[in-house]
Amino acid sequence: LIAGTSAVASNAGILIFDIETNEITQIYNLGSQWRNFYELSNDNVIITSTYSQSYTNSNGILLFDITNNSITKIYSDGYRWNSVEEDENGATISSSVNPDQGKVYYNFETGTCTPVEDDVETTEFGLVA
């Protein structure tokens with residue numbers, strides 16, 4: 001698996017190099033700085049962009065299915081996603097570069113990413129109607 005890091009979108013993407021056939025196949029052609037790869041326990045790989053920009057078509061979080069060599073975009077915001085913490089049901093993906101950028105959770109069962117709200121401390125007030 002080879003990530004594209006070209007600044008020119010038409011020259012970047014994600015490639016697979018097959019050692020047995022000595023061939024390269026492009027499996028994702030939207031350019032970005034796809035540099036982070038995280039192997040998950042469910043035999044998939046999270047691929048994240050490391051460049052924050054407004055071009056959401058070429059940024060975000062991808063899921064690489066090793067079984068059939070396919071890529072699915074599971075989140076499209078252009079953050080610098082570079083931290084993955086896995087648990088038994090999925091993985092939390094966030095930015096250690098800028099924690100204020102947000103956090104998403106990839107659910108193994110549904111195959112989707114949803115935003116995670118930070119825990120907010122609440123205080124109960126004795127309000128009288």
# chains A, B, ... in the order shown; residues from 1 in each chain; ligands from 1

$ residues_around --residues "stretch 63-76 of chain A" --least-positions-apart "3" --cutoff "10 Å" --atoms "only C-alpha atoms" --output "MDAnalysis selection string"
chainID A and resid 1 14 16 25 27:28 37:39 42:49 55:60 79 104:106 111:115

$ atom_distance --atom1 "atom CA of A:Glu88" --atom2 "atom CA of A:Lys103"
17.8 Å

$ atom_distance --atom1 "atom CA of A:Asn107" --atom2 "atom CA of A:Ile61"
13.1 Å
